[in-house]
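For reference, upload37.txt (compact mmCIF, C-alpha atoms):
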```
# COMPACT_ATOMS: atom_id res chain seq x y z
CA MET A 1 -193.45 -34.73 182.01
CA ALA A 2 -189.95 -34.95 183.48
CA THR A 3 -189.47 -34.59 187.21
CA LYS A 4 -188.20 -31.15 188.13
CA THR A 5 -185.02 -30.66 190.15
CA LEU A 6 -184.40 -28.32 193.05
CA LEU A 7 -180.74 -27.70 193.82
CA ILE A 8 -180.01 -26.65 197.38
CA VAL A 9 -176.57 -25.11 197.84
CA ALA A 10 -175.97 -24.71 201.57
CA HIS A 11 -172.89 -23.41 203.32
CA ALA A 12 -173.04 -25.28 206.62
CA PRO A 13 -169.85 -24.84 208.68
CA SER A 14 -171.46 -25.39 212.10
CA PRO A 15 -173.88 -27.83 213.74
CA ASN A 16 -176.66 -25.21 213.59
CA THR A 17 -176.12 -24.37 209.91
CA LYS A 18 -176.08 -28.12 209.20
CA LYS A 19 -179.54 -28.24 210.83
CA LEU A 20 -180.67 -25.50 208.44
CA ALA A 21 -179.35 -27.39 205.40
CA GLN A 22 -181.12 -30.55 206.57
CA ALA A 23 -184.34 -28.58 207.18
CA ALA A 24 -184.17 -27.24 203.62
CA TYR A 25 -183.68 -30.74 202.27
CA ASP A 26 -186.50 -32.14 204.39
CA GLY A 27 -188.89 -29.34 203.43
CA ALA A 28 -188.25 -29.78 199.72
CA ASN A 29 -188.69 -33.56 200.10
CA HIS A 30 -192.16 -33.24 201.58
CA PRO A 31 -194.09 -36.45 200.78
CA ASP A 32 -196.77 -34.52 198.86
CA ILE A 33 -194.22 -32.90 196.53
CA ASP A 34 -192.79 -34.94 193.68
CA ILE A 35 -189.48 -33.38 192.67
CA ASN A 36 -185.83 -34.37 192.67
CA VAL A 37 -183.92 -32.61 195.48
CA ILE A 38 -180.14 -32.31 195.50
CA LEU A 39 -178.24 -30.88 198.48
CA LYS A 40 -174.65 -29.77 197.92
CA SER A 41 -172.07 -27.59 199.59
CA PRO A 42 -170.89 -24.50 197.67
CA GLN A 43 -167.44 -26.01 197.11
CA ASP A 44 -168.92 -29.21 195.63
CA THR A 45 -171.36 -27.42 193.30
CA GLN A 46 -170.36 -27.12 189.66
CA PRO A 47 -171.95 -25.18 186.79
CA GLU A 48 -173.37 -28.49 185.48
CA ASP A 49 -175.38 -28.85 188.71
CA ILE A 50 -177.03 -25.47 188.13
CA LEU A 51 -177.62 -26.19 184.46
CA ALA A 52 -179.44 -29.42 185.42
CA ALA A 53 -181.65 -27.68 188.02
CA ASP A 54 -185.06 -26.07 187.60
CA ALA A 55 -184.68 -23.90 190.72
CA LEU A 56 -182.04 -23.07 193.30
CA LEU A 57 -182.20 -22.51 197.05
CA LEU A 58 -179.07 -20.98 198.49
CA GLY A 59 -178.13 -20.92 202.15
CA THR A 60 -175.17 -18.93 203.42
CA THR A 61 -173.76 -17.47 206.57
CA GLU A 62 -173.08 -13.78 206.95
CA ASN A 63 -169.32 -13.28 207.25
CA LEU A 64 -167.94 -9.78 207.85
CA ALA A 65 -171.24 -8.25 206.60
CA TYR A 66 -170.93 -10.28 203.38
CA MET A 67 -171.67 -13.80 202.16
CA ALA A 68 -169.40 -16.67 203.18
CA GLY A 69 -166.20 -16.96 201.17
CA LEU A 70 -167.17 -20.41 199.89
CA THR A 71 -170.51 -19.01 198.70
CA LYS A 72 -168.65 -16.25 196.83
CA ASP A 73 -166.34 -18.89 195.35
CA PHE A 74 -169.41 -20.81 194.14
CA PHE A 75 -170.57 -17.72 192.23
CA ASP A 76 -167.06 -16.97 190.96
CA ARG A 77 -166.85 -20.45 189.40
CA CYS A 78 -170.42 -20.79 188.19
CA TYR A 79 -171.52 -17.29 187.12
CA TYR A 80 -170.33 -17.14 183.52
CA PRO A 81 -170.95 -20.81 182.59
CA VAL A 82 -174.65 -20.46 183.54
CA LEU A 83 -175.25 -16.77 182.73
CA GLU A 84 -176.86 -17.16 179.31
CA LYS A 85 -178.53 -20.52 179.99
CA LYS A 86 -180.37 -20.10 183.30
CA GLN A 87 -182.02 -16.69 183.04
CA GLY A 88 -185.36 -16.63 184.82
CA MET A 89 -184.46 -19.52 187.13
CA PRO A 90 -186.54 -19.47 190.35
CA PHE A 91 -184.31 -18.64 193.32
CA ALA A 92 -184.63 -18.34 197.08
CA LEU A 93 -182.12 -17.44 199.76
CA TYR A 94 -181.69 -17.88 203.48
CA ILE A 95 -178.96 -16.11 205.43
CA ARG A 96 -177.78 -17.12 208.88
CA ALA A 97 -176.81 -13.68 210.14
CA GLY A 98 -175.15 -12.77 213.39
CA HIS A 99 -175.81 -9.13 212.56
CA ASP A 100 -178.55 -7.85 210.25
CA GLY A 101 -177.78 -9.69 206.99
CA THR A 102 -178.18 -6.55 204.87
CA GLY A 103 -174.74 -6.64 203.26
CA THR A 104 -175.15 -10.29 202.33
CA LYS A 105 -178.65 -9.74 200.94
CA ASN A 106 -177.54 -6.73 198.88
CA ALA A 107 -174.56 -8.63 197.44
CA MET A 108 -176.88 -11.52 196.51
CA LYS A 109 -179.33 -9.12 194.85
CA THR A 110 -176.49 -7.72 192.73
CA ILE A 111 -175.24 -11.14 191.64
CA THR A 112 -178.67 -12.64 190.97
CA THR A 113 -179.80 -9.52 189.10
CA GLY A 114 -176.82 -10.04 186.81
CA LEU A 115 -177.82 -13.67 186.36
CA ARG A 116 -181.46 -12.60 185.84
CA TRP A 117 -182.70 -15.17 188.35
CA GLU A 118 -186.23 -14.74 189.72
CA TRP A 119 -186.54 -14.40 193.49
CA ILE A 120 -189.65 -16.20 194.72
CA GLN A 121 -189.68 -14.06 197.90
CA GLU A 122 -187.45 -11.72 199.86
CA ALA A 123 -184.37 -13.25 201.48
CA LEU A 124 -185.07 -15.12 204.70
CA ILE A 125 -182.69 -13.57 207.23
CA LEU A 126 -182.18 -15.66 210.36
CA GLN A 127 -180.83 -12.93 212.58
CA GLY A 128 -179.17 -12.83 215.99
CA ASP A 129 -178.74 -15.65 218.48
CA TRP A 130 -179.68 -19.16 217.35
CA GLN A 131 -183.36 -20.06 217.60
CA GLU A 132 -184.81 -23.50 216.90
CA ALA A 133 -187.59 -21.75 214.92
CA PHE A 134 -184.98 -20.99 212.23
CA THR A 135 -185.13 -24.61 211.06
CA GLU A 136 -188.92 -24.42 210.63
CA GLN A 137 -188.59 -21.19 208.63
CA VAL A 138 -186.01 -22.73 206.28
CA GLU A 139 -188.07 -25.90 205.92
CA GLU A 140 -191.12 -23.81 204.95
CA LEU A 141 -189.10 -21.78 202.44
CA ALA A 142 -187.78 -24.95 200.78
CA MET A 143 -191.25 -26.51 200.74
CA THR A 144 -192.71 -23.37 199.12
CA LEU A 145 -190.06 -23.34 196.41
CA ALA A 146 -190.35 -27.09 195.79
CA ALA A 147 -194.16 -27.01 195.58
CA GLY A 148 -194.02 -23.98 193.30
CA ILE A 149 -191.68 -25.57 190.79
CA GLU A 150 -193.62 -28.85 190.85
CA ALA A 151 -196.87 -26.95 190.14
CA GLY A 152 -195.24 -24.80 187.45
CA ILE A 153 -195.89 -21.57 189.39
CA TYR A 154 -192.22 -20.63 189.30
```

Please render this file's structure as structure tokens.
Amino acid sequence: MATKTLLIVAHAPSPNTKKLAQAAYDGANHPDIDINVILKSPQDTQPEDILAADALLLGTTENLAYMAGLTKDFFDRCYYPVLEKKQGMPFALYIRAGHDGTGTKNAMKTITTGLRWEWIQEALILQGDWQEAFTEQVEELAMTLAAGIEAGIY
């Protein structure tokens, strides 16, 4: 059986969001989980990366009550090339939100509903002032998704 691949697309414009991206990568690379993990920025992610993945974890900041512009650009470039080929792909999302993250989450729901991706759980919204616990929450989310695709649950 071929090793499964988890693609992590993380918008990380600050030291704290870089910590979140690293936590996602570390969680998915847990020593007890045998999958291929790829971490990319939205601007470096191409449709081919999504087509080669078995699941996707997306991390974005909340900007003006919406997703980051580079995250939107990622979807603008990749939506149609993957639309027919990746339906049912397991998907998870974390949002680093200065406010409540609702606008970002709703926009993501609309886009991923169109793509017919399967959310493994509700969006993880990391709200308000920075807390070190955010990294643990993202690491756990990535580990859950990685373990689930390895086990064939998702």

Identify which of the residues A:Ser41, A:Cys78, A:Ala52, A:Ile153 lies closest to Ile111 in chain A, counting all atoms listed in the file when measuring atom-to-atom distances. A:Cys78

For CA of Leu126 in chain A and CA of Leu7 in chain A, the interatomic separation in Å (one decimal): 20.5 Å

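Relative to CA of Gln43 in chain A, CA of Asp73 in chain A is found at 7.4 Å.
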
Counting all atoms listed in the file, what are the residues of range 98-151 of chain A within 9 Å of range 53-67 of chain A, and for each of them which pair of atoms is the nearest and at what distance in Å, to one decimal? Sort the table by chain and rising number, as JSON lines.
```
{"residue": "A:Gly98", "atom": "CA", "partner": "A:Glu62", "partner_atom": "CA", "distance": 6.8}
{"residue": "A:His99", "atom": "CA", "partner": "A:Ala65", "partner_atom": "CA", "distance": 7.6}
{"residue": "A:Asp100", "atom": "CA", "partner": "A:Ala65", "partner_atom": "CA", "distance": 8.2}
{"residue": "A:Gly101", "atom": "CA", "partner": "A:Glu62", "partner_atom": "CA", "distance": 6.2}
{"residue": "A:Thr102", "atom": "CA", "partner": "A:Ala65", "partner_atom": "CA", "distance": 7.4}
{"residue": "A:Gly103", "atom": "CA", "partner": "A:Ala65", "partner_atom": "CA", "distance": 5.1}
{"residue": "A:Thr104", "atom": "CA", "partner": "A:Tyr66", "partner_atom": "CA", "distance": 4.3}
{"residue": "A:Lys105", "atom": "CA", "partner": "A:Tyr66", "partner_atom": "CA", "distance": 8.1}
{"residue": "A:Asn106", "atom": "CA", "partner": "A:Tyr66", "partner_atom": "CA", "distance": 8.7}
{"residue": "A:Ala107", "atom": "CA", "partner": "A:Tyr66", "partner_atom": "CA", "distance": 7.2}
{"residue": "A:Met108", "atom": "CA", "partner": "A:Met67", "partner_atom": "CA", "distance": 8.0}
{"residue": "A:Leu141", "atom": "CA", "partner": "A:Leu57", "partner_atom": "CA", "distance": 8.8}
{"residue": "A:Ala142", "atom": "CA", "partner": "A:Leu57", "partner_atom": "CA", "distance": 7.1}
{"residue": "A:Leu145", "atom": "CA", "partner": "A:Ala55", "partner_atom": "CA", "distance": 7.9}
{"residue": "A:Ala146", "atom": "CA", "partner": "A:Ala55", "partner_atom": "CA", "distance": 8.2}
{"residue": "A:Ile149", "atom": "CA", "partner": "A:Ala55", "partner_atom": "CA", "distance": 7.2}
```

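For Arg116 in chain A, the non-local neighbours within 6 Å, defined as residues at least 4 positions apart in the same chain or in other chains and counting all atoms listed in the file, are Gln87, Gly88 and Thr112 of chain A.
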
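Minimum distance to Phe91 in chain A across A:Leu115, A:Ile125, A:Ala68, A:Ala21 (counting only C-alpha atoms) occurs at A:Leu115.
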